[in-house]
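Novice: Take a look at this one; I'll ask things after.
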Protein chains: 2
Amino acid sequence: MELELTDVSALACCPPMVDEALTEAAAVDLARGFKALGDPVRLRLLSMIAARGGNEVCVCDLTDAFAVKGPTISHHLRVLREAGLIDCERRGTWVYYWVIPSALAPLSQLLDTSALTPTA
Amino acid sequence: MELELTDVSALACCPPMVDEALTEAAAVDLARGFKALGDPVRLRLLSMIAARGGNEVCVCDLTDAFAVKGPTISHHLRVLREAGLIDCERRGTWVYYWVIPSALAPLSQLLDTSALTPTA
DNA sequence: TCTCTGTCTTGACGGTTATCGAATCAAGGA
DNA sequence: TCCTTGATTCGATAACCGTCAAGACAGAGA
């Protein structure tokens, strides 16, 4: 399970873009995260993992919910992991995944528009 | 300027995914938005447009900030527009773009993790 | 009308990505 | 030790995407 992981700490620094435009470097970092979210299968995989809160999800519970085959699920989980959005651990026969909230937070904050619509 | 635009209203319906996993249909819709954000040039373009708040930005003010050529800027602006994240209008010689906050909001809310980290 | 400037579209090229079958690896149990 | 099950990796293929040069279009001004 050796992968090149995105440095999450570098992302935890982002005011809403309605307040301040991104630098080129910040855009490269953050776009990596959004790109990982830009596939329907990956986005739903992440949501199924995240919906367990801090708990974990077994891959075996994910695969059945999708039309795509096992290797494709593995591929998408790897992309999410390389983006630093999730992590995993093998315990016995099964592999468990969980979400990394500190990686999601900057992405959410960047898109926050509450400064434009104060009463919405 | 006739394009197929994503229906924004269909997106304005999304609780954080830490509370509830996405349906397949919702994932397809939302992934379209994230996919548009998944390129460094596009993300920075959007941030430069959004940073003006409700005001508009002339394309001529965007082009100089990037290494890529005019057609590439046009292409990325079109992708952002087809995703429903921005809109534009021509006035005289110049074309002005502005952000659509109601399209950004659901994406931000979906990634909100405050329910997991109450005091962060 | 012609010309100039700003923006977009077209067409093409090279690189990337999603997907799957087959093979591989990891762990448990017979 | 062998077999079975869960998950990943490998290799190949088809589709997609970012980029640019060249050309087209829109509007302003002479």
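So you can find residues: chains in the structure tokens are A, B, ... in the order shown, residues in each start at 1, and ligands are numbered from 1 in order.
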When the cut-off is 12 Å and we count only C-alpha atoms (C1' of nucleotides), which residues of chain A are near chain C, given as an mmCIF file with N, CA, C and O atoms, in the first residue's frame?
Specialist:
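Full text of iface.cif as output:
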data_model
loop_
_atom_site.group_PDB
_atom_site.id
_atom_site.type_symbol
_atom_site.label_atom_id
_atom_site.label_comp_id
_atom_site.auth_asym_id
_atom_site.auth_seq_id
_atom_site.Cartn_x
_atom_site.Cartn_y
_atom_site.Cartn_z
ATOM 1 N N MET A 1 0.841 -1.218 0.000
ATOM 2 C CA MET A 1 0.000 0.000 0.000
ATOM 3 C C MET A 1 0.871 1.261 0.000
ATOM 4 O O MET A 1 0.627 2.209 0.740
ATOM 5 N N LYS A 35 -10.670 17.199 -8.949
ATOM 6 C CA LYS A 35 -10.605 16.231 -10.041
ATOM 7 C C LYS A 35 -10.978 14.837 -9.550
ATOM 8 O O LYS A 35 -11.680 14.084 -10.241
ATOM 9 N N ALA A 36 -10.519 14.506 -8.360
ATOM 10 C CA ALA A 36 -10.853 13.197 -7.792
ATOM 11 C C ALA A 36 -12.352 13.072 -7.555
ATOM 12 O O ALA A 36 -12.915 11.983 -7.600
ATOM 13 N N GLY A 38 -14.587 14.381 -9.471
ATOM 14 C CA GLY A 38 -15.251 14.664 -10.732
ATOM 15 C C GLY A 38 -15.687 13.439 -11.507
ATOM 16 O O GLY A 38 -15.890 13.508 -12.719
ATOM 17 N N ASP A 39 -15.830 12.332 -10.841
ATOM 18 C CA ASP A 39 -16.360 11.127 -11.486
ATOM 19 C C ASP A 39 -17.517 10.604 -10.649
ATOM 20 O O ASP A 39 -17.413 10.505 -9.432
ATOM 21 N N PRO A 40 -18.639 10.270 -11.289
ATOM 22 C CA PRO A 40 -19.831 9.852 -10.544
ATOM 23 C C PRO A 40 -19.587 8.664 -9.624
ATOM 24 O O PRO A 40 -20.068 8.641 -8.492
ATOM 25 N N VAL A 41 -18.831 7.685 -10.116
ATOM 26 C CA VAL A 41 -18.565 6.510 -9.284
ATOM 27 C C VAL A 41 -17.734 6.900 -8.068
ATOM 28 O O VAL A 41 -18.036 6.524 -6.931
ATOM 29 N N ARG A 42 -16.683 7.715 -8.296
ATOM 30 C CA ARG A 42 -15.836 8.120 -7.170
ATOM 31 C C ARG A 42 -16.596 8.960 -6.175
ATOM 32 O O ARG A 42 -16.462 8.785 -4.962
ATOM 33 N N ALA A 67 -22.478 -0.772 -10.750
ATOM 34 C CA ALA A 67 -22.548 -1.635 -11.925
ATOM 35 C C ALA A 67 -21.150 -2.024 -12.394
ATOM 36 O O ALA A 67 -20.983 -3.034 -13.060
ATOM 37 N N VAL A 68 -20.158 -1.219 -12.055
ATOM 38 C CA VAL A 68 -18.802 -1.505 -12.532
ATOM 39 C C VAL A 68 -18.183 -2.645 -11.725
ATOM 40 O O VAL A 68 -18.614 -2.943 -10.613
ATOM 41 N N LYS A 69 -17.159 -3.270 -12.306
ATOM 42 C CA LYS A 69 -16.551 -4.453 -11.724
ATOM 43 C C LYS A 69 -15.546 -4.097 -10.624
ATOM 44 O O LYS A 69 -15.168 -2.941 -10.466
ATOM 45 N N GLY A 70 -15.083 -5.116 -9.945
ATOM 46 C CA GLY A 70 -14.148 -4.936 -8.836
ATOM 47 C C GLY A 70 -12.908 -4.122 -9.146
ATOM 48 O O GLY A 70 -12.583 -3.187 -8.399
ATOM 49 N N PRO A 71 -12.202 -4.460 -10.204
ATOM 50 C CA PRO A 71 -10.985 -3.698 -10.504
ATOM 51 C C PRO A 71 -11.245 -2.204 -10.684
ATOM 52 O O PRO A 71 -10.406 -1.382 -10.311
ATOM 53 N N THR A 72 -12.407 -1.869 -11.219
ATOM 54 C CA THR A 72 -12.723 -0.448 -11.404
ATOM 55 C C THR A 72 -12.970 0.230 -10.058
ATOM 56 O O THR A 72 -12.513 1.360 -9.830
ATOM 57 N N ILE A 73 -13.634 -0.455 -9.156
ATOM 58 C CA ILE A 73 -13.813 0.076 -7.809
ATOM 59 C C ILE A 73 -12.453 0.306 -7.152
ATOM 60 O O ILE A 73 -12.183 1.366 -6.571
ATOM 61 N N SER A 74 -11.591 -0.678 -7.260
ATOM 62 C CA SER A 74 -10.249 -0.547 -6.698
ATOM 63 C C SER A 74 -9.524 0.659 -7.283
ATOM 64 O O SER A 74 -8.856 1.408 -6.559
ATOM 65 N N HIS A 75 -9.659 0.823 -8.580
ATOM 66 C CA HIS A 75 -9.014 1.958 -9.242
ATOM 67 C C HIS A 75 -9.496 3.283 -8.677
ATOM 68 O O HIS A 75 -8.700 4.170 -8.359
ATOM 69 N N HIS A 76 -10.815 3.409 -8.521
ATOM 70 C CA HIS A 76 -11.371 4.676 -8.041
ATOM 71 C C HIS A 76 -10.999 4.922 -6.580
ATOM 72 O O HIS A 76 -10.733 6.060 -6.187
ATOM 73 N N VAL A 79 -7.574 6.328 -6.581
ATOM 74 C CA VAL A 79 -7.528 7.736 -6.972
ATOM 75 C C VAL A 79 -7.929 8.630 -5.792
ATOM 76 O O VAL A 79 -7.295 9.648 -5.513
ATOM 77 N N ARG A 90 -5.953 -2.819 6.045
ATOM 78 C CA ARG A 90 -6.404 -4.201 5.921
ATOM 79 C C ARG A 90 -6.466 -4.824 7.310
ATOM 80 O O ARG A 90 -5.531 -4.707 8.097
ATOM 81 N N ARG A 91 -7.580 -5.488 7.585
ATOM 82 C CA ARG A 91 -7.696 -6.234 8.846
ATOM 83 C C ARG A 91 -8.255 -7.600 8.503
ATOM 84 O O ARG A 91 -9.434 -7.730 8.198
ATOM 85 N N GLY A 92 -7.366 -8.576 8.552
ATOM 86 C CA GLY A 92 -7.785 -9.921 8.197
ATOM 87 C C GLY A 92 -8.073 -9.996 6.713
ATOM 88 O O GLY A 92 -7.290 -9.538 5.884
ATOM 89 N N THR A 93 -9.204 -10.557 6.395
ATOM 90 C CA THR A 93 -9.554 -10.763 4.993
ATOM 91 C C THR A 93 -9.999 -9.474 4.324
ATOM 92 O O THR A 93 -9.825 -9.289 3.127
ATOM 93 N N TRP A 94 -10.540 -8.542 5.097
ATOM 94 C CA TRP A 94 -11.174 -7.378 4.506
ATOM 95 C C TRP A 94 -10.358 -6.096 4.626
ATOM 96 O O TRP A 94 -9.504 -5.962 5.513
ATOM 97 N N VAL A 95 -10.608 -5.163 3.718
ATOM 98 C CA VAL A 95 -9.953 -3.858 3.728
ATOM 99 C C VAL A 95 -10.991 -2.799 4.060
ATOM 100 O O VAL A 95 -12.071 -2.780 3.464
#
Novice: I need the contact residues of chain B against chain A, so if you could list those with any atom within 6 Å, counting only C-alpha atoms, and return them as a list in words, that would help.
Specialist: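 Selected residues: Met17, Val18, Asp19, Glu20, Ala21, Leu22, Ala27, Val28, Ala31, Phe34, Lys35, Leu37, Gly38, Asp39, Pro40, Arg44, Ser47, Met48, Ala50, Ala51, Gly53, Leu104, Ser108, Leu111 and Asp112 of chain B.
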Novice: Output as a ChimeraX atom specification all residues of chain B that backbone DSSP marks as helix (DSSP H, G or I).
Specialist: /B:8-11,24-37,40-50,59-63,70-82,101-110
Novice: Generate the output file for the selected residues, C-alpha atoms, as a compact mmCIF listing (two decimals), in the first residue's frame.
Specialist:
# COMPACT_ATOMS: atom_id res chain seq x y z
CA VAL B 8 -28.79 24.36 -11.49
CA SER B 9 -32.06 23.94 -9.63
CA ALA B 10 -31.61 20.18 -9.62
CA LEU B 11 -28.44 20.64 -7.60
CA GLU B 24 -26.58 7.53 -8.35
CA ALA B 25 -28.45 10.31 -10.10
CA ALA B 26 -27.30 12.96 -7.64
CA ALA B 27 -23.73 11.75 -7.99
CA VAL B 28 -23.89 12.12 -11.76
CA ASP B 29 -25.22 15.68 -11.45
CA LEU B 30 -22.77 16.81 -8.80
CA ALA B 31 -19.76 15.11 -10.35
CA ARG B 32 -20.31 17.30 -13.41
CA GLY B 33 -19.70 20.33 -11.25
CA PHE B 34 -16.62 18.93 -9.54
CA LYS B 35 -15.23 17.78 -12.84
CA ALA B 36 -15.40 21.35 -14.10
CA LEU B 37 -13.40 22.42 -11.04
CA PRO B 40 -5.98 24.15 -12.34
CA VAL B 41 -6.62 26.69 -15.06
CA ARG B 42 -10.39 26.42 -14.72
CA LEU B 43 -10.30 26.56 -10.94
CA ARG B 44 -8.19 29.69 -10.99
CA LEU B 45 -10.35 31.25 -13.70
CA LEU B 46 -13.41 30.64 -11.56
CA SER B 47 -11.70 32.07 -8.49
CA MET B 48 -10.72 35.20 -10.39
CA ILE B 49 -14.32 35.64 -11.51
CA ALA B 50 -15.77 34.80 -8.11
CA VAL B 59 -12.04 38.13 -20.51
CA CYS B 60 -9.29 40.57 -21.37
CA ASP B 61 -8.47 40.80 -17.67
CA LEU B 62 -8.20 37.02 -17.34
CA THR B 63 -6.08 36.05 -20.31
CA GLY B 70 -6.61 32.53 -25.88
CA PRO B 71 -8.43 29.53 -27.35
CA THR B 72 -7.61 27.49 -24.27
CA ILE B 73 -9.04 30.18 -21.99
CA SER B 74 -12.16 30.24 -24.13
CA HIS B 75 -12.43 26.48 -23.91
CA HIS B 76 -12.19 26.47 -20.12
CA LEU B 77 -14.70 29.28 -19.76
CA ARG B 78 -17.07 27.29 -21.91
CA VAL B 79 -16.67 24.21 -19.71
CA LEU B 80 -17.39 26.26 -16.61
CA ARG B 81 -20.42 27.72 -18.33
CA GLU B 82 -21.75 24.36 -19.48
CA PRO B 101 -23.44 31.38 -6.41
CA SER B 102 -26.44 29.04 -6.32
CA ALA B 103 -24.48 26.54 -8.37
CA LEU B 104 -21.46 26.66 -6.07
CA ALA B 105 -23.43 26.36 -2.84
CA PRO B 106 -24.59 22.73 -3.18
CA LEU B 107 -21.05 21.63 -4.01
CA SER B 108 -19.75 23.37 -0.92
CA GLN B 109 -22.50 21.99 1.28
CA LEU B 110 -21.95 18.46 0.09
Novice: Could you write out as a VMD selection string the residues of chain D within 10 Å of chain A, counting only C-alpha atoms (C1' of nucleotides)?
Specialist: chain D and resid 5 to 9
Novice: Just write the chosen residues, N, CA and C atoms (P, O5', C5', C4', C3', O3' and C1' of nucleotides), as a CSV table (one decimal), in the first residue's frame.
Specialist:
chain,number,residue,atom,x,y,z
D,5,DT,P,-15.3,-19.8,-2.6
D,5,DT,O5',-15.1,-18.3,-1.9
D,5,DT,C5',-15.1,-18.2,-0.5
D,5,DT,C4',-14.5,-16.9,-0.1
D,5,DT,C3',-15.0,-15.7,-0.9
D,5,DT,O3',-15.3,-14.6,-0.1
D,5,DT,C1',-12.6,-15.7,-0.9
D,6,DG,P,-16.1,-13.3,-0.7
D,6,DG,O5',-15.0,-12.1,-0.5
D,6,DG,C5',-14.5,-11.9,0.8
D,6,DG,C4',-13.3,-10.9,0.8
D,6,DG,C3',-13.6,-9.6,0.0
D,6,DG,O3',-13.2,-8.5,0.7
D,6,DG,C1',-11.7,-10.7,-0.9
D,7,DA,P,-13.5,-7.0,0.2
D,7,DA,O5',-12.2,-6.6,-0.7
D,7,DA,C5',-10.9,-6.5,0.0
D,7,DA,C4',-9.8,-6.3,-0.9
D,7,DA,C3',-10.0,-5.2,-1.9
D,7,DA,O3',-9.1,-4.1,-1.6
D,7,DA,C1',-9.0,-7.1,-2.9
D,8,DT,P,-8.8,-2.8,-2.5
D,8,DT,O5',-7.6,-3.2,-3.4
D,8,DT,C5',-6.4,-3.7,-2.8
D,8,DT,C4',-5.4,-4.2,-3.8
D,8,DT,C3',-5.0,-3.2,-4.9
D,8,DT,O3',-3.6,-2.9,-4.8
D,8,DT,C1',-5.5,-5.3,-5.8
D,9,DT,P,-2.9,-1.8,-5.7
D,9,DT,O5',-2.3,-2.7,-6.9
D,9,DT,C5',-1.4,-3.8,-6.6
D,9,DT,C4',-1.1,-4.5,-7.9
D,9,DT,C3',-0.6,-3.6,-9.1
D,9,DT,O3',0.6,-4.1,-9.6
D,9,DT,C1',-2.4,-5.0,-9.8
Novice: In Å, how far is it from atom CA of Leu85 of chain A to atom CA of Cys14 of chain B?
Specialist: 19.6 Å
Novice: Go ahead and compute the interatomic distance for atom C1' of DG18 of chain D and atom CA of Gly84 of chain A, in Å to one decimal.
Specialist: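 Separation between atom C1' of DG18 of chain D and atom CA of Gly84 of chain A: 24.1 Å.
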